[in-house]
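What follows is work-v3.pdb (PDB, C-alpha atoms).
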MODEL        1
ATOM      1  CA  MET A   1      30.738 174.776 264.754
ATOM      2  CA  LYS A   2      27.107 174.667 263.651
ATOM      3  CA  LYS A   3      25.883 176.922 260.854
ATOM      4  CA  GLN A   4      23.566 179.663 262.099
ATOM      5  CA  ASP A   5      19.972 179.591 260.919
ATOM      6  CA  TYR A   6      19.745 183.366 261.059
ATOM      7  CA  PRO A   7      21.937 186.211 259.811
ATOM      8  CA  ILE A   8      24.235 188.039 262.185
ATOM      9  CA  TYR A   9      24.181 191.814 261.744
ATOM     10  CA  LEU A  10      27.354 193.601 262.880
ATOM     11  CA  ASP A  11      26.878 197.083 261.433
ATOM     12  CA  TYR A  12      24.931 198.816 264.197
ATOM     13  CA  SER A  13      27.224 201.839 263.919
ATOM     14  CA  ALA A  14      25.874 202.461 260.427
ATOM     15  CA  THR A  15      22.225 201.900 261.272
ATOM     16  CA  THR A  16      20.103 200.034 263.760
ATOM     17  CA  PRO A  17      16.583 198.642 263.634
ATOM     18  CA  ILE A  18      14.068 201.264 264.687
ATOM     19  CA  ASP A  19      12.559 200.963 268.144
ATOM     20  CA  PRO A  20       8.900 199.883 267.768
ATOM     21  CA  GLN A  21       7.690 202.823 269.928
ATOM     22  CA  VAL A  22       9.582 205.269 267.712
ATOM     23  CA  ALA A  23       8.180 203.650 264.563
ATOM     24  CA  SER A  24       4.681 203.851 266.000
ATOM     25  CA  THR A  25       5.079 207.540 266.875
ATOM     26  CA  ILE A  26       6.459 208.360 263.423
ATOM     27  CA  GLU A  27       3.642 206.437 261.729
ATOM     28  CA  TRP A  28       1.053 208.312 263.791
ATOM     29  CA  HIS A  29       2.570 211.677 262.848
ATOM     30  CA  TYR A  30       2.773 210.733 259.148
ATOM     31  CA  SER A  31      -0.984 210.255 259.229
ATOM     32  CA  ASN A  32      -1.957 213.061 261.612
ATOM     33  CA  THR A  33       0.677 215.824 261.621
ATOM     34  CA  TYR A  34       1.175 216.462 257.928
ATOM     35  CA  GLY A  35       0.884 220.250 257.859
ATOM     36  CA  ASN A  36       3.727 222.503 256.753
ATOM     37  CA  ALA A  37       5.256 223.782 260.010
ATOM     38  CA  SER A  38       5.848 227.159 258.341
ATOM     39  CA  SER A  39       2.172 227.643 257.468
ATOM     40  CA  ILE A  40      -0.253 229.609 259.613
ATOM     41  CA  HIS A  41      -3.247 227.307 259.180
ATOM     42  CA  SER A  42      -4.190 224.925 262.012
ATOM     43  CA  TYR A  43      -2.408 221.933 260.422
ATOM     44  CA  GLY A  44       0.768 223.981 260.122
ATOM     45  CA  ARG A  45       0.537 225.288 263.686
ATOM     46  CA  THR A  46       0.074 221.723 264.971
ATOM     47  CA  ALA A  47       3.109 220.544 263.009
ATOM     48  CA  LYS A  48       5.122 223.521 264.316
ATOM     49  CA  VAL A  49       4.323 222.548 267.934
ATOM     50  CA  VAL A  50       5.501 218.969 267.301
ATOM     51  CA  LEU A  51       8.642 220.228 265.562
ATOM     52  CA  GLU A  52       9.527 222.576 268.426
ATOM     53  CA  GLU A  53       8.801 219.911 271.063
ATOM     54  CA  SER A  54      11.160 217.586 269.171
ATOM     55  CA  ARG A  55      13.820 220.308 269.040
ATOM     56  CA  GLU A  56      13.478 220.753 272.819
ATOM     57  CA  ILE A  57      13.821 217.021 273.532
ATOM     58  CA  ILE A  58      16.949 216.755 271.364
ATOM     59  CA  ALA A  59      18.519 219.867 272.887
ATOM     60  CA  ARG A  60      17.893 218.615 276.413
ATOM     61  CA  SER A  61      19.361 215.204 275.593
ATOM     62  CA  ILE A  62      22.743 216.706 274.638
ATOM     63  CA  GLY A  63      22.863 219.747 276.927
ATOM     64  CA  ALA A  64      22.242 222.278 274.144
ATOM     65  CA  GLU A  65      19.923 225.252 273.733
ATOM     66  CA  THR A  66      16.920 224.768 271.446
ATOM     67  CA  ALA A  67      18.179 227.564 269.168
ATOM     68  CA  GLU A  68      21.300 225.469 268.537
ATOM     69  CA  ILE A  69      19.353 222.567 266.999
ATOM     70  CA  PHE A  70      18.932 222.525 263.215
ATOM     71  CA  PHE A  71      17.189 219.760 261.323
ATOM     72  CA  THR A  72      18.636 218.376 258.098
ATOM     73  CA  ALA A  73      17.950 215.309 255.984
ATOM     74  CA  GLY A  74      20.790 213.369 257.606
ATOM     75  CA  GLY A  75      24.391 213.201 258.760
ATOM     76  CA  THR A  76      25.988 213.928 255.380
ATOM     77  CA  GLU A  77      23.952 217.087 254.847
ATOM     78  CA  SER A  78      24.718 218.170 258.410
ATOM     79  CA  ASP A  79      28.473 217.659 257.950
ATOM     80  CA  ASN A  80      28.446 219.459 254.586
ATOM     81  CA  HIS A  81      26.476 222.382 255.974
ATOM     82  CA  ALA A  82      28.633 222.761 259.090
ATOM     83  CA  ILE A  83      32.051 222.298 257.493
ATOM     84  CA  ILE A  84      31.617 224.084 254.177
ATOM     85  CA  GLY A  85      29.503 226.894 255.623
ATOM     86  CA  THR A  86      31.905 227.493 258.510
ATOM     87  CA  ALA A  87      34.979 227.384 256.271
ATOM     88  CA  PHE A  88      33.657 230.009 253.853
ATOM     89  CA  ALA A  89      32.407 232.200 256.710
ATOM     90  CA  GLN A  90      35.766 232.018 258.514
ATOM     91  CA  ARG A  91      37.656 232.904 255.321
ATOM     92  CA  LYS A  92      35.334 235.809 254.540
ATOM     93  CA  LYS A  93      35.337 237.218 258.082
ATOM     94  CA  TYR A  94      38.881 236.444 259.292
ATOM     95  CA  GLY A  95      40.884 235.434 256.213
ATOM     96  CA  LYS A  96      41.421 231.942 257.670
ATOM     97  CA  ASP A  97      41.786 229.209 255.040
ATOM     98  CA  HIS A  98      43.254 226.189 256.845
ATOM     99  CA  ILE A  99      41.075 223.189 257.724
ATOM    100  CA  ILE A 100      42.184 220.194 259.804
ATOM    101  CA  VAL A 101      40.322 216.883 259.634
ATOM    102  CA  SER A 102      41.303 213.546 261.081
ATOM    103  CA  ALA A 103      42.394 210.989 258.510
ATOM    104  CA  ILE A 104      39.695 208.547 259.648
ATOM    105  CA  GLU A 105      36.664 210.765 259.132
ATOM    106  CA  HIS A 106      33.493 209.572 257.437
ATOM    107  CA  HIS A 107      33.381 210.327 253.706
ATOM    108  CA  ALA A 108      30.856 213.089 254.369
ATOM    109  CA  VAL A 109      33.634 215.018 256.150
ATOM    110  CA  LEU A 110      36.478 213.945 253.846
ATOM    111  CA  ASP A 111      34.445 214.884 250.754
ATOM    112  CA  SER A 112      33.653 218.288 252.296
ATOM    113  CA  ALA A 113      37.379 218.793 252.872
ATOM    114  CA  GLU A 114      38.154 217.849 249.265
ATOM    115  CA  TYR A 115      35.474 220.265 248.062
ATOM    116  CA  LEU A 116      37.077 223.040 250.121
ATOM    117  CA  LYS A 117      40.495 222.125 248.734
ATOM    118  CA  SER A 118      39.102 222.707 245.229
ATOM    119  CA  HIS A 119      38.163 226.212 246.443
ATOM    120  CA  ASP A 120      41.706 227.063 247.555
ATOM    121  CA  PHE A 121      41.463 226.034 251.205
ATOM    122  CA  ARG A 122      44.508 224.319 252.673
ATOM    123  CA  ILE A 123      43.610 220.959 254.195
ATOM    124  CA  SER A 124      45.619 219.020 256.771
ATOM    125  CA  PHE A 125      44.710 215.389 257.351
ATOM    126  CA  LEU A 126      45.567 214.581 260.954
ATOM    127  CA  PRO A 127      46.855 211.020 261.372
ATOM    128  CA  VAL A 128      45.801 208.712 264.182
ATOM    129  CA  ASP A 129      47.924 206.354 266.265
ATOM    130  CA  ARG A 130      47.882 202.549 265.925
ATOM    131  CA  ASN A 131      44.767 202.465 268.117
ATOM    132  CA  GLY A 132      42.929 204.892 265.822
ATOM    133  CA  ILE A 133      43.115 207.856 268.210
ATOM    134  CA  VAL A 134      44.025 211.440 267.320
ATOM    135  CA  ASN A 135      47.128 212.703 269.115
ATOM    136  CA  ILE A 136      46.399 216.023 270.863
ATOM    137  CA  VAL A 137      50.071 217.081 270.756
ATOM    138  CA  GLU A 138      50.187 216.524 266.976
ATOM    139  CA  LEU A 139      46.974 218.493 266.582
ATOM    140  CA  GLY A 140      48.556 221.372 268.508
ATOM    141  CA  ILE A 141      51.539 221.305 266.133
ATOM    142  CA  VAL A 142      49.353 221.359 262.995
ATOM    143  CA  ILE A 143      47.229 224.281 264.225
ATOM    144  CA  ASN A 144      48.395 227.673 262.964
ATOM    145  CA  ASP A 145      47.128 231.264 262.808
ATOM    146  CA  SER A 146      45.129 230.570 259.633
ATOM    147  CA  THR A 147      43.335 227.483 261.007
ATOM    148  CA  ALA A 148      39.604 228.083 260.638
ATOM    149  CA  LEU A 149      38.160 224.707 261.571
ATOM    150  CA  VAL A 150      39.078 221.363 263.115
ATOM    151  CA  SER A 151      36.850 218.332 262.484
ATOM    152  CA  VAL A 152      37.291 215.106 264.446
ATOM    153  CA  MET A 153      34.513 212.532 264.736
ATOM    154  CA  HIS A 154      33.423 211.498 268.214
ATOM    155  CA  ALA A 155      33.564 207.756 267.493
ATOM    156  CA  ASN A 156      34.746 206.004 264.378
ATOM    157  CA  ASN A 157      31.959 204.251 262.486
ATOM    158  CA  GLU A 158      34.164 201.233 261.666
ATOM    159  CA  THR A 159      36.368 200.743 264.718
ATOM    160  CA  GLY A 160      34.191 202.267 267.433
ATOM    161  CA  MET A 161      37.199 204.105 268.895
ATOM    162  CA  ILE A 162      36.138 207.175 270.848
ATOM    163  CA  GLN A 163      38.231 210.297 270.294
ATOM    164  CA  PRO A 164      39.383 212.680 273.069
ATOM    165  CA  ILE A 165      36.702 215.218 272.181
ATOM    166  CA  LYS A 166      36.855 217.202 275.411
ATOM    167  CA  GLU A 167      40.605 217.792 275.043
ATOM    168  CA  ILE A 168      40.239 218.699 271.361
ATOM    169  CA  ALA A 169      37.449 221.139 272.222
ATOM    170  CA  GLU A 170      39.608 222.757 274.918
ATOM    171  CA  LEU A 171      42.571 223.108 272.519
ATOM    172  CA  THR A 172      40.491 224.596 269.700
ATOM    173  CA  LYS A 173      38.663 226.957 272.066
ATOM    174  CA  LYS A 174      41.984 228.169 273.485
ATOM    175  CA  ASN A 175      43.161 228.900 269.917
ATOM    176  CA  HIS A 176      39.856 230.537 268.839
ATOM    177  CA  ILE A 177      39.170 227.835 266.255
ATOM    178  CA  VAL A 178      35.773 226.398 265.381
ATOM    179  CA  PHE A 179      35.514 222.722 266.329
ATOM    180  CA  HIS A 180      33.211 220.341 264.482
ATOM    181  CA  SER A 181      32.544 216.761 265.533
ATOM    182  CA  ASP A 182      30.431 214.246 263.658
ATOM    183  CA  THR A 183      28.602 212.540 266.523
ATOM    184  CA  VAL A 184      26.268 210.360 264.467
ATOM    185  CA  GLN A 185      27.852 207.238 265.973
ATOM    186  CA  THR A 186      27.483 208.308 269.599
ATOM    187  CA  ILE A 187      24.347 210.373 270.151
ATOM    188  CA  GLY A 188      21.797 208.122 271.800
ATOM    189  CA  LYS A 189      24.377 205.424 272.558
ATOM    190  CA  ILE A 190      26.617 207.115 275.115
ATOM    191  CA  PRO A 191      26.057 210.285 277.165
ATOM    192  CA  VAL A 192      26.954 213.428 275.231
ATOM    193  CA  ASN A 193      26.916 216.922 276.695
ATOM    194  CA  VAL A 194      27.901 219.749 274.401
TER     195      VAL A 194
ENDMDL
END

Output the file's structure as structure tokens, nothing else.
Amino acid sequence: MKKQDYPIYLDYSATTPIDPQVASTIEWHYSNTYGNASSIHSYGRTAKVVLEESREIIARSIGAETAEIFFTAGGTESDNHAIIGTAFAQRKKYGKDHIIVSAIEHHAVLDSAEYLKSHDFRISFLPVDRNGIVNIVELGIVINDSTALVSVMHANNETGMIQPIKEIAELTKKNHIVFHSDTVQTIGKIPVNV
């Protein structure tokens, strides 16, 4: 076998090269749309239009409403915000203090679970089978009346295994439990409709 003259990159689940059209659009906005979108001056109003158009495009691409799209600095902040915020809100409103996360979650989710554990939440780490898939029957057994939140990633960032999200969503909805899914690995790569 001949040695390759170029590196082989196999971590596209973590990050991919930016599309040249996207890079060009971002570069243009960095130079031309620099106003604070919360300001009332013309630069701010222009930035607000671009922000809201972006929100619309993202919402449409996943079957969501624009009011359901929140921008954060990245996946970790999004996971922290969703999991920790939901857990405290569920405990305050309903007295629920049980969180279920799959054992193969990204550290952003696992660290959020550990943080909640340090604040007296009970955490269950749901195992996966030998193929890396969550078992719906086992999830149903772990769920109880104090379960506030279930978090299972859509696709694993290391194995690429896609979880049975639709079935998990149906089970959690039936049990009146908030369902969170880290979809960083799938949005833009496979069709997703929330």

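For the file shown, the residue list from the PyMOL selection byres ((chain A and resi 193) around 10) reads Ala59, Arg60, Ser61, Ile62, Gly63, Ala64, Ile187, Ile190, Pro191, Val192 and Val194 of chain A.
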
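Here the question is which of A:Lys93, A:Asp182, A:Leu110, A:Asn32 gets nearest to Gly44 in chain A using all atoms listed in the file, and that residue is A:Asn32.
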
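Across A:Thr33, A:Thr76, A:Asn175, A:Thr183, the tightest approach to Asn156 in chain A is made by A:Thr183 when counting all atoms listed in the file.
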
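Comparing A:Asp5, A:Gly140, A:Phe70, A:Gly85 by their smallest distance to Lys173 in chain A, the closest is A:Gly140 (using all atoms listed in the file).
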
Worksheet item: Which neighbours of His119 in chain A fall inside 10 Å, counting only C-alpha atoms, when residues of the same chain fewer than 5 positions from it are skipped, and could you give them as a list in words?
Response: Phe88, Asp97, Ala113 and Glu114 of chain A

Please, could you write that set of residues out with C-alpha atoms as a PDB file, in the coordinates of the input?
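Result file part.pdb:
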ATOM      1  CA  PHE A  88      33.657 230.009 253.853  1.00  0.00           C
ATOM      2  CA  ASP A  97      41.786 229.209 255.040  1.00  0.00           C
ATOM      3  CA  ALA A 113      37.379 218.793 252.872  1.00  0.00           C
ATOM      4  CA  GLU A 114      38.154 217.849 249.265  1.00  0.00           C
TER       5      GLU A 114
END

Worksheet item: Which one of A:Ala108, A:Ile58, A:Val101, A:Val137 sits closest to Asn80 in chain A if you count all atoms listed in the file?
Response: A:Ala108

Item to complete: Run the PyMOL selection byres ((chain A and resi 46) around 10) mentally over the shown coordinates, then write out the matched residues as an MDAnalysis selection string, using the chain letters and numbers from the document.
Response: chainID A and resid 32:37 39:45 47:51

Would you mind exporting the chosen residues as a short mmCIF file (atom, residue, chain, number, x, y, z; two decimals), keeping the file's coordinate frame, restricted to C-alpha atoms?
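Saved result, out10.cif, follows:
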data_model
loop_
_atom_site.label_atom_id
_atom_site.label_comp_id
_atom_site.auth_asym_id
_atom_site.auth_seq_id
_atom_site.Cartn_x
_atom_site.Cartn_y
_atom_site.Cartn_z
CA ASN A 32 -1.96 213.06 261.61
CA THR A 33 0.68 215.82 261.62
CA TYR A 34 1.18 216.46 257.93
CA GLY A 35 0.88 220.25 257.86
CA ASN A 36 3.73 222.50 256.75
CA ALA A 37 5.26 223.78 260.01
CA SER A 39 2.17 227.64 257.47
CA ILE A 40 -0.25 229.61 259.61
CA HIS A 41 -3.25 227.31 259.18
CA SER A 42 -4.19 224.92 262.01
CA TYR A 43 -2.41 221.93 260.42
CA GLY A 44 0.77 223.98 260.12
CA ARG A 45 0.54 225.29 263.69
CA ALA A 47 3.11 220.54 263.01
CA LYS A 48 5.12 223.52 264.32
CA VAL A 49 4.32 222.55 267.93
CA VAL A 50 5.50 218.97 267.30
CA LEU A 51 8.64 220.23 265.56
#

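The shortest atom-to-atom distance to Ala148 in chain A, with all atoms listed in the file taken into account, belongs to A:Arg122 out of A:Ser181, A:Ser31, A:Met161, A:Arg122.
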
Practice prompt. Check what the PyMOL selection byres ((chain A and resi 146) around 8) selects in the file above and give those residues as a ChimeraX atom specification.
Written response: /A:95-98,144-145,147-148

Using only C-alpha atoms, please write the residues we just selected to a file, as a PDB file, in the frame of the given file.
ATOM      1  CA  GLY A  95      40.884 235.434 256.213  1.00  0.00           C
ATOM      2  CA  LYS A  96      41.421 231.942 257.670  1.00  0.00           C
ATOM      3  CA  ASP A  97      41.786 229.209 255.040  1.00  0.00           C
ATOM      4  CA  HIS A  98      43.254 226.189 256.845  1.00  0.00           C
ATOM      5  CA  ASN A 144      48.395 227.673 262.964  1.00  0.00           C
ATOM      6  CA  ASP A 145      47.128 231.264 262.808  1.00  0.00           C
ATOM      7  CA  THR A 147      43.335 227.483 261.007  1.00  0.00           C
ATOM      8  CA  ALA A 148      39.604 228.083 260.638  1.00  0.00           C
TER       9      ALA A 148
END

Worksheet entry | Non-local contacts of His81 in chain A (10 Å; only C-alpha atoms; under 6 positions in same chain excluded) as a ChimeraX atom specification | /A:72,75,87,112

Worksheet item: Hey, what's within 10 Å of Val152 in chain A if we count only C-alpha atoms and toss same-chain stuff fewer than 4 positions away? As number ranges by chain, please?
Response: A: 100-106, 109, 126, 134, 156, 163-165, 168-169, 179-183

Practice prompt. Choose the residue, out of A:Lys117, A:Arg130, A:Glu167, A:Ala89, that has the smallest atom-to-atom separation from His154 in chain A; count all atoms listed in the file.
Written response: A:Glu167
